$ cat protein_2.txt   # compact mmCIF, C-alpha atoms
# COMPACT_ATOMS: atom_id res chain seq x y z
CA MET A 1 -43.34 80.66 -54.94
CA SER A 2 -44.43 77.02 -55.48
CA THR A 3 -47.41 75.42 -53.71
CA LYS A 4 -45.07 73.14 -51.77
CA VAL A 5 -43.00 76.07 -50.49
CA ARG A 6 -46.09 78.03 -49.49
CA LYS A 7 -47.49 74.97 -47.64
CA SER A 8 -44.20 74.39 -45.79
CA ALA A 9 -43.97 78.02 -44.75
CA SER A 10 -47.52 77.97 -43.37
CA ARG A 11 -46.71 75.13 -40.99
CA SER A 12 -45.82 75.98 -37.40
CA LEU A 13 -42.43 75.25 -35.89
CA PHE A 14 -44.05 72.67 -33.59
CA TYR A 15 -45.48 70.83 -36.61
CA ARG A 16 -42.14 70.85 -38.44
CA ILE A 17 -40.30 69.50 -35.38
CA ALA A 18 -42.93 66.77 -35.00
CA ALA A 19 -42.57 65.86 -38.68
CA TRP A 20 -38.77 65.68 -38.41
CA LEU A 21 -38.93 63.49 -35.28
CA HIS A 22 -41.60 61.27 -36.78
CA LEU A 23 -39.54 60.64 -39.90
CA TRP A 24 -36.09 59.99 -38.48
CA LEU A 25 -37.09 58.22 -35.27
CA GLY A 26 -39.35 55.97 -37.34
CA LEU A 27 -36.56 55.14 -39.79
CA ILE A 28 -34.10 54.37 -36.98
CA THR A 29 -36.36 51.97 -35.04
CA GLY A 30 -38.49 50.63 -37.89
CA ILE A 31 -36.94 47.18 -38.28
CA VAL A 32 -36.89 46.57 -34.51
CA MET A 33 -40.57 47.45 -34.14
CA ILE A 34 -41.58 45.26 -37.09
CA ILE A 35 -40.00 42.26 -35.33
CA VAL A 36 -41.42 43.18 -31.92
CA CYS A 37 -44.95 43.72 -33.25
CA LEU A 38 -45.05 40.59 -35.41
CA THR A 39 -43.77 38.34 -32.65
CA GLY A 40 -46.28 39.99 -30.33
CA CYS A 41 -49.09 39.11 -32.75
CA ILE A 42 -48.12 35.46 -32.53
CA TRP A 43 -47.57 35.44 -28.76
CA VAL A 44 -51.07 36.84 -28.11
CA PHE A 45 -52.62 33.51 -29.12
CA GLN A 46 -49.96 31.21 -27.69
CA ASP A 47 -52.47 29.45 -25.38
CA GLU A 48 -54.99 28.87 -28.17
CA ILE A 49 -52.39 27.81 -30.75
CA THR A 50 -50.74 25.42 -28.31
CA THR A 51 -54.01 23.87 -27.15
CA TYR A 52 -55.79 23.52 -30.47
CA ILE A 53 -52.99 23.21 -33.04
CA LEU A 54 -49.60 22.25 -31.60
CA GLU A 55 -50.72 20.07 -28.67
CA PRO A 56 -54.42 19.19 -29.05
CA GLU A 57 -53.90 16.12 -26.86
CA THR A 58 -53.43 18.40 -23.84
CA ARG A 59 -57.10 19.44 -23.87
CA VAL A 60 -58.89 17.79 -20.96
CA THR A 61 -62.61 18.10 -20.33
CA HIS A 62 -63.34 19.82 -17.03
CA GLN A 63 -64.76 17.54 -14.33
CA ALA A 64 -66.38 18.26 -10.98
CA ALA A 65 -63.58 16.41 -9.21
CA PRO A 66 -60.45 17.47 -7.28
CA VAL A 67 -57.22 17.79 -9.24
CA LEU A 68 -54.02 15.99 -8.30
CA THR A 69 -52.28 17.05 -5.11
CA PRO A 70 -48.64 18.22 -5.18
CA SER A 71 -47.39 14.95 -3.63
CA GLN A 72 -49.23 12.90 -6.28
CA ILE A 73 -47.71 15.00 -9.06
CA GLN A 74 -44.27 14.68 -7.52
CA ARG A 75 -44.62 10.90 -7.17
CA ILE A 76 -45.67 10.44 -10.83
CA ALA A 77 -42.92 12.69 -12.18
CA THR A 78 -40.20 11.18 -9.99
CA ALA A 79 -41.21 7.66 -11.03
CA LYS A 80 -40.72 8.66 -14.66
CA PHE A 81 -37.46 10.57 -14.10
CA PRO A 82 -35.93 9.51 -10.75
CA ASP A 83 -32.74 11.51 -11.33
CA LYS A 84 -34.51 14.83 -11.86
CA ARG A 85 -36.02 17.22 -9.34
CA VAL A 86 -39.64 18.36 -9.74
CA SER A 87 -39.42 22.15 -9.95
CA TYR A 88 -42.94 23.49 -10.50
CA ALA A 89 -46.43 22.70 -11.78
CA THR A 90 -49.02 24.90 -13.50
CA TYR A 91 -52.61 24.26 -14.48
CA GLN A 92 -55.51 25.94 -16.29
CA GLN A 93 -59.02 24.58 -16.32
CA GLY A 94 -59.68 22.51 -19.43
CA ARG A 95 -56.02 21.70 -19.97
CA ALA A 96 -53.44 19.20 -18.72
CA ILE A 97 -51.16 19.94 -15.79
CA TYR A 98 -47.75 21.11 -16.95
CA VAL A 99 -44.88 19.83 -14.77
CA GLY A 100 -41.40 21.30 -15.11
CA MET A 101 -38.38 19.31 -13.99
CA GLY A 102 -34.82 20.50 -13.54
CA GLU A 103 -33.27 23.66 -12.17
CA GLY A 104 -35.78 26.49 -12.23
CA ARG A 105 -38.45 27.17 -14.83
CA ARG A 106 -36.00 26.54 -17.68
CA GLY A 107 -35.56 22.88 -16.90
CA GLY A 108 -35.07 20.71 -19.95
CA THR A 109 -37.72 18.08 -19.08
CA SER A 110 -41.47 18.57 -18.84
CA LEU A 111 -44.55 16.37 -18.51
CA ARG A 112 -48.22 16.85 -19.30
CA LEU A 113 -50.52 15.05 -16.88
CA ASN A 114 -54.24 14.43 -16.82
CA PRO A 115 -55.29 16.62 -13.83
CA TYR A 116 -57.78 14.00 -12.56
CA THR A 117 -56.24 10.58 -13.31
CA GLY A 118 -52.52 11.41 -13.32
CA LYS A 119 -52.02 9.74 -16.70
CA ILE A 120 -48.92 11.00 -18.52
CA ILE A 121 -50.17 12.62 -21.74
CA SER A 122 -46.85 13.73 -23.17
CA VAL A 123 -43.17 14.05 -22.29
CA SER A 124 -40.73 16.61 -23.63
CA GLU A 125 -36.96 16.57 -23.20
CA ARG A 126 -34.78 19.34 -24.60
CA LYS A 127 -31.05 19.70 -24.64
CA GLU A 128 -29.38 22.77 -23.23
CA GLY A 129 -30.09 25.75 -25.50
CA GLU A 130 -33.08 24.15 -27.22
CA VAL A 131 -36.38 26.00 -27.00
CA ASP A 132 -39.91 25.34 -28.15
CA PHE A 133 -41.69 27.44 -30.78
CA PHE A 134 -43.25 29.98 -28.44
CA ARG A 135 -40.08 30.39 -26.37
CA PHE A 136 -38.34 31.21 -29.68
CA ILE A 137 -41.05 33.78 -30.48
CA LEU A 138 -40.80 35.29 -26.98
CA ASN A 139 -37.01 35.55 -27.23
CA GLY A 140 -37.39 37.52 -30.45
CA HIS A 141 -40.03 39.72 -28.88
CA ARG A 142 -37.94 40.52 -25.83
CA PHE A 143 -34.36 40.72 -27.16
CA LEU A 144 -34.38 40.08 -30.95
CA TRP A 145 -32.61 36.68 -30.56
CA LEU A 146 -29.45 38.60 -29.65
CA PRO A 147 -27.52 38.17 -26.40
CA TYR A 148 -29.90 39.33 -23.68
CA GLU A 149 -27.71 42.16 -22.40
CA ILE A 150 -27.55 43.59 -25.94
CA GLY A 151 -30.97 42.88 -27.37
CA ARG A 152 -33.07 43.79 -24.34
CA PRO A 153 -32.01 47.47 -24.15
CA ILE A 154 -32.47 47.79 -27.91
CA VAL A 155 -36.07 46.57 -27.66
CA ASN A 156 -36.80 48.64 -24.55
CA TYR A 157 -35.66 51.98 -25.90
CA SER A 158 -36.86 51.32 -29.44
CA THR A 159 -40.30 50.89 -27.90
CA LEU A 160 -39.90 54.20 -26.09
CA VAL A 161 -38.95 55.86 -29.39
CA PHE A 162 -41.95 54.17 -31.03
CA VAL A 163 -44.22 55.79 -28.43
CA ILE A 164 -42.76 59.19 -29.39
CA THR A 165 -43.50 58.49 -33.07
CA LEU A 166 -47.09 57.62 -32.15
CA ILE A 167 -47.48 61.00 -30.45
CA THR A 168 -45.86 62.92 -33.31
CA GLY A 169 -47.96 60.90 -35.75
CA MET A 170 -51.08 62.21 -34.05
CA VAL A 171 -49.78 65.75 -34.51
CA LEU A 172 -49.23 65.13 -38.23
CA TRP A 173 -52.61 63.42 -38.62
CA TRP A 174 -54.59 66.32 -37.11
CA PRO A 175 -56.18 68.27 -40.00
CA ALA A 176 -55.44 71.99 -40.22
CA LYS A 177 -59.10 72.56 -41.11
CA TRP A 178 -61.96 70.13 -40.53
CA THR A 179 -63.35 70.36 -44.04
CA LYS A 180 -65.28 67.58 -45.72
CA SER A 181 -62.27 66.53 -47.83
CA ALA A 182 -59.99 66.66 -44.77
CA ARG A 183 -62.32 64.40 -42.82
CA ALA A 184 -62.47 61.96 -45.74
CA LYS A 185 -58.65 61.79 -45.92
CA SER A 186 -58.33 61.39 -42.15
CA PHE A 187 -60.95 58.72 -41.49
CA PHE A 188 -61.33 56.70 -44.70
CA ILE A 189 -59.04 54.74 -47.01
CA LYS A 190 -59.44 55.53 -50.70
CA TRP A 191 -59.14 52.00 -52.02
CA LYS A 192 -59.69 53.10 -55.65
CA GLY A 193 -56.82 55.57 -55.50
CA SER A 194 -53.27 55.09 -56.76
CA PHE A 195 -50.78 52.88 -54.95
CA LYS A 196 -49.22 55.93 -53.30
CA ARG A 197 -52.61 57.16 -52.08
CA VAL A 198 -53.66 53.77 -50.70
CA ASN A 199 -50.28 53.34 -48.98
CA TYR A 200 -50.55 56.82 -47.46
CA ASP A 201 -54.07 56.10 -46.19
CA LEU A 202 -52.99 52.77 -44.69
CA HIS A 203 -50.33 54.65 -42.73
CA ASN A 204 -52.43 57.66 -41.83
CA VAL A 205 -55.90 56.20 -41.25
CA LEU A 206 -55.01 52.83 -39.70
CA GLY A 207 -52.40 54.57 -37.56
CA PHE A 208 -55.11 56.82 -36.15
CA TYR A 209 -57.59 54.03 -35.42
CA SER A 210 -54.99 51.84 -33.70
CA LEU A 211 -53.23 54.67 -31.86
CA LEU A 212 -54.63 54.25 -28.35
CA ILE A 213 -54.40 50.45 -28.36
CA VAL A 214 -50.85 50.36 -29.72
CA PHE A 215 -49.90 53.09 -27.24
CA ALA A 216 -51.26 50.99 -24.34
CA ILE A 217 -49.47 47.86 -25.57
CA ALA A 218 -46.17 49.73 -25.91
CA CYS A 219 -46.40 51.38 -22.49
CA THR A 220 -47.27 48.13 -20.70
CA GLY A 221 -44.33 46.50 -22.48
CA MET A 222 -41.95 49.18 -21.20
CA VAL A 223 -43.09 48.41 -17.65
CA TYR A 224 -41.18 45.11 -17.94
CA GLY A 225 -38.03 46.55 -19.48
CA ILE A 226 -37.38 50.12 -18.33
CA GLN A 227 -37.16 50.42 -14.56
CA TRP A 228 -37.43 54.20 -14.33
CA PHE A 229 -40.52 54.15 -16.56
CA SER A 230 -42.10 51.37 -14.47
CA LYS A 231 -41.52 53.22 -11.20
CA GLY A 232 -42.57 56.54 -12.69
CA LEU A 233 -45.81 55.13 -14.08
CA TYR A 234 -46.70 53.55 -10.75
CA TRP A 235 -45.87 56.79 -8.91
CA THR A 236 -48.17 58.70 -11.28
CA THR A 237 -51.10 56.27 -11.16
CA SER A 238 -50.91 55.63 -7.41
CA GLY A 239 -50.94 59.26 -6.37
CA GLY A 240 -47.28 59.61 -5.49
CA ASN A 241 -46.55 56.22 -3.91
CA SER A 242 -43.24 54.48 -4.59
CA LEU A 243 -43.19 51.00 -6.08
CA PRO A 244 -41.84 48.62 -3.38
CA ASP A 245 -38.80 46.56 -4.31
CA PHE A 246 -38.96 42.79 -4.33
CA ALA A 247 -37.65 41.29 -1.11
CA ARG A 248 -36.21 37.79 -1.31
CA LEU A 249 -38.27 35.57 1.00
CA GLU A 250 -36.49 32.80 2.89
CA SER A 251 -37.45 29.88 5.11
CA ASP A 252 -36.00 29.55 8.59
CA SER A 253 -33.24 27.01 7.98
CA LEU A 254 -32.81 26.46 11.75
CA GLN A 255 -36.21 24.70 11.75
CA MET A 256 -35.17 22.15 9.14
CA GLY A 257 -36.42 18.62 9.95
CA LYS A 258 -38.28 19.66 13.11
CA HIS A 259 -41.83 19.90 11.78
CA PHE A 260 -42.79 18.62 8.30
CA THR A 261 -41.33 16.59 5.49
CA GLY A 262 -41.27 18.12 2.00
CA LYS A 263 -44.19 16.12 0.57
CA ASN A 264 -46.41 16.62 3.61
CA ALA A 265 -45.66 20.33 3.68
CA MET A 266 -46.69 20.80 0.04
CA ASP A 267 -50.00 18.96 0.51
CA ILE A 268 -50.86 20.86 3.69
CA VAL A 269 -50.16 24.21 2.04
CA TRP A 270 -52.09 23.21 -1.08
CA SER A 271 -55.08 22.05 0.95
CA LYS A 272 -55.11 25.31 2.90
CA VAL A 273 -54.94 27.54 -0.18
CA ILE A 274 -57.40 25.62 -2.34
CA SER A 275 -59.96 25.54 0.47
CA GLU A 276 -60.00 29.35 0.38
CA HIS A 277 -60.26 29.43 -3.42
CA SER A 278 -62.38 26.41 -4.31
CA ARG A 279 -63.61 28.04 -7.54
CA ALA A 280 -60.19 28.91 -8.88
CA GLU A 281 -59.63 27.95 -12.54
CA GLY A 282 -55.86 27.71 -12.46
CA PHE A 283 -52.78 27.57 -10.27
CA TYR A 284 -49.03 27.65 -10.21
CA TYR A 285 -46.84 26.34 -7.42
CA SER A 286 -43.15 25.70 -6.97
CA PHE A 287 -41.69 22.81 -5.01
CA PRO A 288 -39.03 23.73 -2.45
CA ASP A 289 -35.51 22.58 -3.20
CA SER A 290 -34.54 20.08 -0.51
CA THR A 291 -30.86 20.95 -1.06
CA LYS A 292 -31.58 24.61 -0.19
CA PRO A 293 -32.99 24.91 3.33
CA LYS A 294 -33.90 28.56 2.81
CA SER A 295 -36.07 27.97 -0.28
CA THR A 296 -39.80 28.61 0.11
CA ILE A 297 -43.10 27.12 -1.06
CA ASN A 298 -44.88 29.45 -3.50
CA VAL A 299 -48.48 29.06 -4.61
CA THR A 300 -50.35 31.34 -7.02
CA ILE A 301 -54.09 31.04 -7.61
CA TYR A 302 -55.80 32.23 -10.80
CA PRO A 303 -59.55 32.79 -10.30
CA SER A 304 -60.14 33.03 -14.09
CA ALA A 305 -58.49 30.77 -16.67
CA GLY A 306 -56.43 32.73 -19.17
CA GLN A 307 -56.32 35.90 -17.06
CA TYR A 308 -53.69 36.92 -14.53
CA TYR A 309 -54.65 40.35 -13.18
CA ASN A 310 -56.68 38.99 -10.24
CA HIS A 311 -54.21 36.33 -9.20
CA ILE A 312 -53.40 35.82 -5.51
CA ALA A 313 -49.89 34.77 -4.51
CA TYR A 314 -48.83 33.00 -1.32
CA SER A 315 -45.40 32.13 0.09
CA PHE A 316 -44.73 29.76 3.00
CA ASP A 317 -41.78 28.68 5.09
CA GLN A 318 -41.11 25.11 3.95
CA HIS A 319 -40.22 23.97 7.49
CA THR A 320 -42.83 25.67 9.69
CA LEU A 321 -45.49 26.44 7.02
CA LYS A 322 -45.66 29.97 8.34
CA GLN A 323 -47.17 32.28 5.75
CA LEU A 324 -44.64 34.88 4.65
CA PRO A 325 -45.55 38.50 3.86
CA ARG A 326 -46.75 39.12 0.34
CA HIS A 327 -45.57 41.90 -1.95
CA GLU A 328 -47.56 45.07 -1.33
CA VAL A 329 -48.47 45.44 -5.00
CA TYR A 330 -48.12 42.16 -6.91
CA GLY A 331 -49.32 40.07 -3.96
CA ALA A 332 -52.27 42.33 -3.08
CA ASN A 333 -55.92 41.31 -3.35
CA PHE A 334 -57.19 42.86 -6.58
CA ALA A 335 -60.75 43.45 -5.36
CA THR A 336 -59.66 45.63 -2.43
CA SER A 337 -56.67 47.35 -4.04
CA SER A 338 -56.27 51.00 -5.05
CA PHE A 339 -56.38 52.15 -8.67
CA GLY A 340 -52.60 52.22 -9.04
CA VAL A 341 -52.22 48.68 -7.70
CA LYS A 342 -55.06 47.38 -9.89
CA LEU A 343 -53.55 48.95 -12.99
CA ARG A 344 -50.16 47.38 -12.25
CA LYS A 345 -51.70 43.93 -11.65
CA MET A 346 -53.57 44.27 -14.98
CA ASN A 347 -50.38 45.15 -16.85
CA TYR A 348 -49.80 41.79 -18.56
CA ASP A 349 -53.47 41.29 -19.44
CA ILE A 350 -53.58 44.75 -21.02
CA HIS A 351 -50.35 44.00 -22.89
CA VAL A 352 -51.74 40.87 -24.58
CA GLY A 353 -55.41 41.93 -24.65
CA SER A 354 -56.66 39.15 -22.37
CA ILE A 355 -58.13 41.78 -20.03
CA LEU A 356 -61.17 41.66 -22.39
CA GLY A 357 -61.00 37.91 -22.96
CA LEU A 358 -60.82 36.52 -26.50
CA THR A 359 -62.24 39.75 -27.95
CA GLY A 360 -59.40 41.72 -26.38
CA LYS A 361 -56.84 39.31 -27.80
CA VAL A 362 -58.27 39.76 -31.30
CA ILE A 363 -58.09 43.54 -30.90
CA ALA A 364 -54.50 43.33 -29.61
CA PHE A 365 -53.59 41.06 -32.54
CA PHE A 366 -54.82 43.45 -35.23
CA ALA A 367 -53.44 46.49 -33.42
CA SER A 368 -49.99 44.85 -33.27
CA LEU A 369 -50.29 43.90 -36.94
CA ILE A 370 -51.01 47.52 -37.83
CA GLY A 371 -48.12 48.55 -35.60
CA ALA A 372 -45.82 46.30 -37.64
CA SER A 373 -47.13 47.82 -40.89
CA LEU A 374 -46.58 51.46 -39.90
CA PRO A 375 -42.77 51.44 -40.36
CA ILE A 376 -43.24 49.77 -43.76
CA THR A 377 -45.89 52.13 -45.12
CA GLY A 378 -44.02 55.08 -43.62
CA PHE A 379 -40.79 54.04 -45.35
CA ILE A 380 -42.61 53.77 -48.70
CA ILE A 381 -44.00 57.29 -48.25
CA TRP A 382 -40.52 58.66 -47.46
CA TRP A 383 -38.87 56.77 -50.32
CA GLY A 384 -41.46 58.07 -52.80
CA LYS A 385 -40.82 61.67 -51.75
CA ARG A 386 -37.07 61.08 -51.86
CA LYS A 387 -37.20 59.84 -55.46
CA LYS A 388 -39.31 62.82 -56.44
CA LYS A 389 -36.75 65.22 -54.99
CA THR A 390 -33.84 63.58 -56.83
CA LYS A 391 -35.26 64.06 -60.34
CA LYS A 392 -32.80 65.74 -62.70
CA ARG A 393 -33.09 69.51 -62.88
CA ILE A 394 -31.03 72.18 -64.62
CA PRO A 395 -29.10 73.98 -61.88
CA ARG A 396 -29.72 77.73 -61.63
CA GLU A 397 -26.06 78.56 -62.23
CA ILE A 398 -26.06 76.63 -65.49
CA GLN A 399 -29.31 78.27 -66.56
CA ARG A 400 -27.73 81.69 -66.14
CA SER A 401 -24.69 80.72 -68.22
CA ILE A 402 -26.74 79.52 -71.16
CA SER A 403 -28.13 82.04 -73.55
CA SER A 404 -31.87 82.27 -74.03
CA ILE A 405 -31.57 80.83 -77.53
CA GLU A 406 -29.58 77.78 -76.36
CA LEU A 407 -31.96 77.21 -73.44
CA SER A 408 -34.98 77.30 -75.74
CA GLU A 409 -33.31 74.76 -77.99
CA LYS A 410 -32.76 72.44 -75.03
CA LEU A 411 -36.41 72.75 -74.03
CA MET A 412 -37.79 72.19 -77.54
CA PRO A 413 -38.16 68.38 -77.17
CA GLU A 414 -40.09 68.91 -73.92
CA ARG A 415 -42.49 71.27 -75.73
CA GLY A 416 -43.15 68.80 -78.51
CA GLN A 417 -41.17 70.77 -81.14
CA LYS A 418 -38.74 69.24 -83.56
CA ARG A 419 -35.17 70.36 -83.32
CA PRO A 420 -33.87 71.53 -86.73
CA ILE A 421 -31.41 69.12 -88.29
CA PRO A 422 -28.13 70.91 -89.10
CA ARG A 423 -26.86 70.46 -92.67
CA PRO A 424 -23.22 70.54 -93.69
CA TYR A 425 -22.01 73.66 -95.47
CA LYS A 426 -21.40 73.19 -99.20
CA PRO A 427 -19.77 76.12 -101.06
CA ALA A 428 -20.97 76.77 -104.61
CA LEU A 429 -18.42 75.76 -107.24
CA ASN A 430 -18.07 77.74 -110.51
CA ILE A 431 -17.03 75.10 -112.99
CA ASN A 432 -16.35 76.42 -116.51
CA LYS A 433 -16.43 74.32 -119.61
CA GLY A 434 -13.09 73.19 -120.60
CA SER A 435 -11.79 73.09 -117.11
CA LYS A 436 -9.75 70.17 -116.06
CA TYR A 437 -12.37 69.53 -113.38
$ encode --input "protein_2.txt" --output "structure tokens"
Amino acid sequence: MSTKVRKSASRSLFYRIAAWLHLWLGLITGIVMIIVCLTGCIWVFQDEITTYILEPETRVTHQAAPVLTPSQIQRIATAKFPDKRVSYATYQQGRAIYVGMGEGRRGGTSLRLNPYTGKIISVSERKEGEVDFFRFILNGHRFLWLPYEIGRPIVNYSTLVFVITLITGMVLWWPAKWTKSARAKSFFIKWKGSFKRVNYDLHNVLGFYSLLIVFAIACTGMVYGIQWFSKGLYWTTSGGNSLPDFARLESDSLQMGKHFTGKNAMDIVWSKVISEHSRAEGFYYSFPDSTKPKSTINVTIYPSAGQYYNHIAYSFDQHTLKQLPRHEVYGANFATSSFGVKLRKMNYDIHVGSILGLTGKVIAFFASLIGASLPITGFIIWWGKRKKKTKKRIPREIQRSISSIELSEKLMPERGQKRPIPRPYKPALNINKGSKY
């Protein structure tokens, strides 16, 4: 019995099932996960790339002065585009205020304003269907640039399959015996080895070191795409509590025009919220649509620039300024929340690494890069084994039908022997003198 057969027979059924799943699930979802991981690498640094490379003019030195009020922002934007509605504004300390105009957050017109002087830094107008660089990257990350209803499920369940391959990969990585050579193969890359050995180590060793981080990134990504997984994870981490559904908040349309005008309402709400969070380093707020009496005023405060887990969200009736109830999980105060609520509010920051600041983003970047490499190195390993298996061999049936002498003749060139050269038969001729020949 060959060494390979003996080794296969010594493996447990659990190991062989894990190996089969790891191979075929990895081959099926490989291309999808390469795209998802690479676009994720780029998206991690979208704030830094935008601020320092694509739009360096939007960097604004922080000043100990109040930023523009909602009515001031609305007045500046409306003066520039009188036929467009101001939809929302967002701000992070050290950067310009971003103002979106049009219907919803996908409006085609946007402005960048100096948060202290109101000076227009830049204007962007896009036609319907046009997207900027990072929106293009995000579309690929979320639904592979396919129609959303097709691409989104593919990404969601490919990620779930990828998580299974991570688990089975850990089973395959675990050494049967913790010998010195086994530890060396499991924890170190043999850079001086052959191409096959280096490729195998890149798959095996880097996969181990990045396992927990890639696992966390994949699971937090599934929270956004797979509803049953999202609810199940919250139920598990919260001790059996159900994740509350989002309730659509509405203003009391019967109070329209009885109390406040739109501009005054926004400023009053803003003044109230910012007075409670004077040290906040960022905000987002949406302007109510005057054509929709039931629309609300929404304000979100970010205590730390570049992080979202500890945000505090408020919603107000646009007519009476009555504060509306916040979501029990996403609108909760992080400091006083339970573990399950805190983990859910940290979901995005864990997904992109910003939970640990710039260091966490660097870690998430390299982990995602390794995640993109795993299907590639794994495919090379499989392809190399496949080629080895398809080498020409003499079938057993043919071997039996060939005599031992003929078989030895066929194997002579392989043994370095020279095959005898056959000579044509020449019969001896008895030619007598005097013959006509």
$ atom_distance --input "protein_2.txt" --atom1 "CA of Tyr98 (chain A)" --atom2 "CA of Ala79 (chain A)"
16.1 Å
$ residues_around --input "protein_2.txt" --residues "Ser278 (chain A)" --least-positions-apart "6" --cutoff "12 Å" --atoms "only C-alpha atoms" --output "PDB file with C-alpha atoms, in the coordinates of the input"
ATOM      1  CA  ALA A  64     -66.380  18.260 -10.980  1.00  0.00           C
ATOM      2  CA  ALA A  65     -63.580  16.410  -9.210  1.00  0.00           C
ATOM      3  CA  PRO A  66     -60.450  17.470  -7.280  1.00  0.00           C
ATOM      4  CA  VAL A  67     -57.220  17.790  -9.240  1.00  0.00           C
ATOM      5  CA  TRP A 270     -52.090  23.210  -1.080  1.00  0.00           C
ATOM      6  CA  SER A 271     -55.080  22.050   0.950  1.00  0.00           C
ATOM      7  CA  LYS A 272     -55.110  25.310   2.900  1.00  0.00           C
ATOM      8  CA  ILE A 301     -54.090  31.040  -7.610  1.00  0.00           C
ATOM      9  CA  TYR A 302     -55.800  32.230 -10.800  1.00  0.00           C
ATOM     10  CA  PRO A 303     -59.550  32.790 -10.300  1.00  0.00           C
TER      11      PRO A 303
END
$ closest_residue --input "protein_2.txt" --among "A:Ile120, A:Ile363, A:Leu13, A:Val155" --to "Ala218 (chain A)" --atoms "all atoms listed in the file"
A:Val155
$ closest_residue --input "protein_2.txt" --among "A:Ser186, A:Met33, A:Ser230, A:Ser368" --to "Ser210 (chain A)" --atoms "all atoms listed in the file"
A:Ser368
$ residues_around --input "protein_2.txt" --residues "region 322-325 of chain A" --least-positions-apart "5" --cutoff "9 Å" --atoms "only C-alpha atoms" --output "number ranges by chain"
A: 249-251, 314-317, 331
$ write_last_selection --input "protein_2.txt" --atoms "C-alpha atoms" --output "PDB file, keeping the file's coordinate frame"
ATOM      1  CA  LEU A 249     -38.270  35.570   1.000  1.00  0.00           C
ATOM      2  CA  GLU A 250     -36.490  32.800   2.890  1.00  0.00           C
ATOM      3  CA  SER A 251     -37.450  29.880   5.110  1.00  0.00           C
ATOM      4  CA  TYR A 314     -48.830  33.000  -1.320  1.00  0.00           C
ATOM      5  CA  SER A 315     -45.400  32.130   0.090  1.00  0.00           C
ATOM      6  CA  PHE A 316     -44.730  29.760   3.000  1.00  0.00           C
ATOM      7  CA  ASP A 317     -41.780  28.680   5.090  1.00  0.00           C
ATOM      8  CA  GLY A 331     -49.320  40.070  -3.960  1.00  0.00           C
TER       9      GLY A 331
END
$ closest_residue --input "protein_2.txt" --among "A:Phe136, A:Trp235, A:Tyr209, A:Tyr52" --to "Ile189 (chain A)" --atoms "only C-alpha atoms"
A:Tyr209
$ atom_distance --input "protein_2.txt" --atom1 "CA of Tyr148 (chain A)" --atom2 "CA of Lys127 (chain A)"
19.7 Å
$ residues_around --input "protein_2.txt" --residues "Phe81 (chain A)" --least-positions-apart "2" --cutoff "12 Å" --atoms "only C-alpha atoms" --output "compact mmCIF listing (two decimals) with C-alpha atoms, keeping the file's coordinate frame"
# COMPACT_ATOMS: atom_id res chain seq x y z
CA GLN A 74 -44.27 14.68 -7.52
CA ARG A 75 -44.62 10.90 -7.17
CA ILE A 76 -45.67 10.44 -10.83
CA ALA A 77 -42.92 12.69 -12.18
CA THR A 78 -40.20 11.18 -9.99
CA ALA A 79 -41.21 7.66 -11.03
CA ASP A 83 -32.74 11.51 -11.33
CA LYS A 84 -34.51 14.83 -11.86
CA ARG A 85 -36.02 17.22 -9.34
CA VAL A 86 -39.64 18.36 -9.74
CA VAL A 99 -44.88 19.83 -14.77
CA GLY A 100 -41.40 21.30 -15.11
CA MET A 101 -38.38 19.31 -13.99
CA GLY A 102 -34.82 20.50 -13.54
CA GLY A 108 -35.07 20.71 -19.95
CA THR A 109 -37.72 18.08 -19.08
CA SER A 110 -41.47 18.57 -18.84
CA LEU A 111 -44.55 16.37 -18.51
CA VAL A 123 -43.17 14.05 -22.29
CA SER A 124 -40.73 16.61 -23.63
CA GLU A 125 -36.96 16.57 -23.20
$ atom_distance --input "protein_2.txt" --atom1 "CA of Phe215 (chain A)" --atom2 "CA of Ser304 (chain A)"
26.1 Å
$ residues_around --input "protein_2.txt" --residues "Arg197 (chain A)" --least-positions-apart "4" --cutoff "12 Å" --atoms "all atoms listed in the file" --output "number ranges by chain"
A: 185, 188-193, 201-205, 377, 380-381, 384
$ closest_residue --input "protein_2.txt" --among "A:Thr236, A:Thr61, A:Asn264, A:Thr165" --to "Gly340 (chain A)" --atoms "only C-alpha atoms"
A:Thr236
$ residues_around --input "protein_2.txt" --residues "region 92-94 of chain A" --least-positions-apart "4" --cutoff "10 Å" --atoms "all atoms listed in the file" --output "list in words"
Thr51, Thr58, Arg59, Val60, Thr61, His62, Gln63, Val67, Tyr98, Pro115, Ala280, Glu281, Gly282, Phe283, Tyr284, Tyr302, Pro303, Ser304, Ala305 and Gly306 of chain A
$ closest_residue --input "protein_2.txt" --among "A:Asn199, A:Asn139, A:Thr168, A:Thr320" --to "Lys258 (chain A)" --atoms "only C-alpha atoms"
A:Thr320
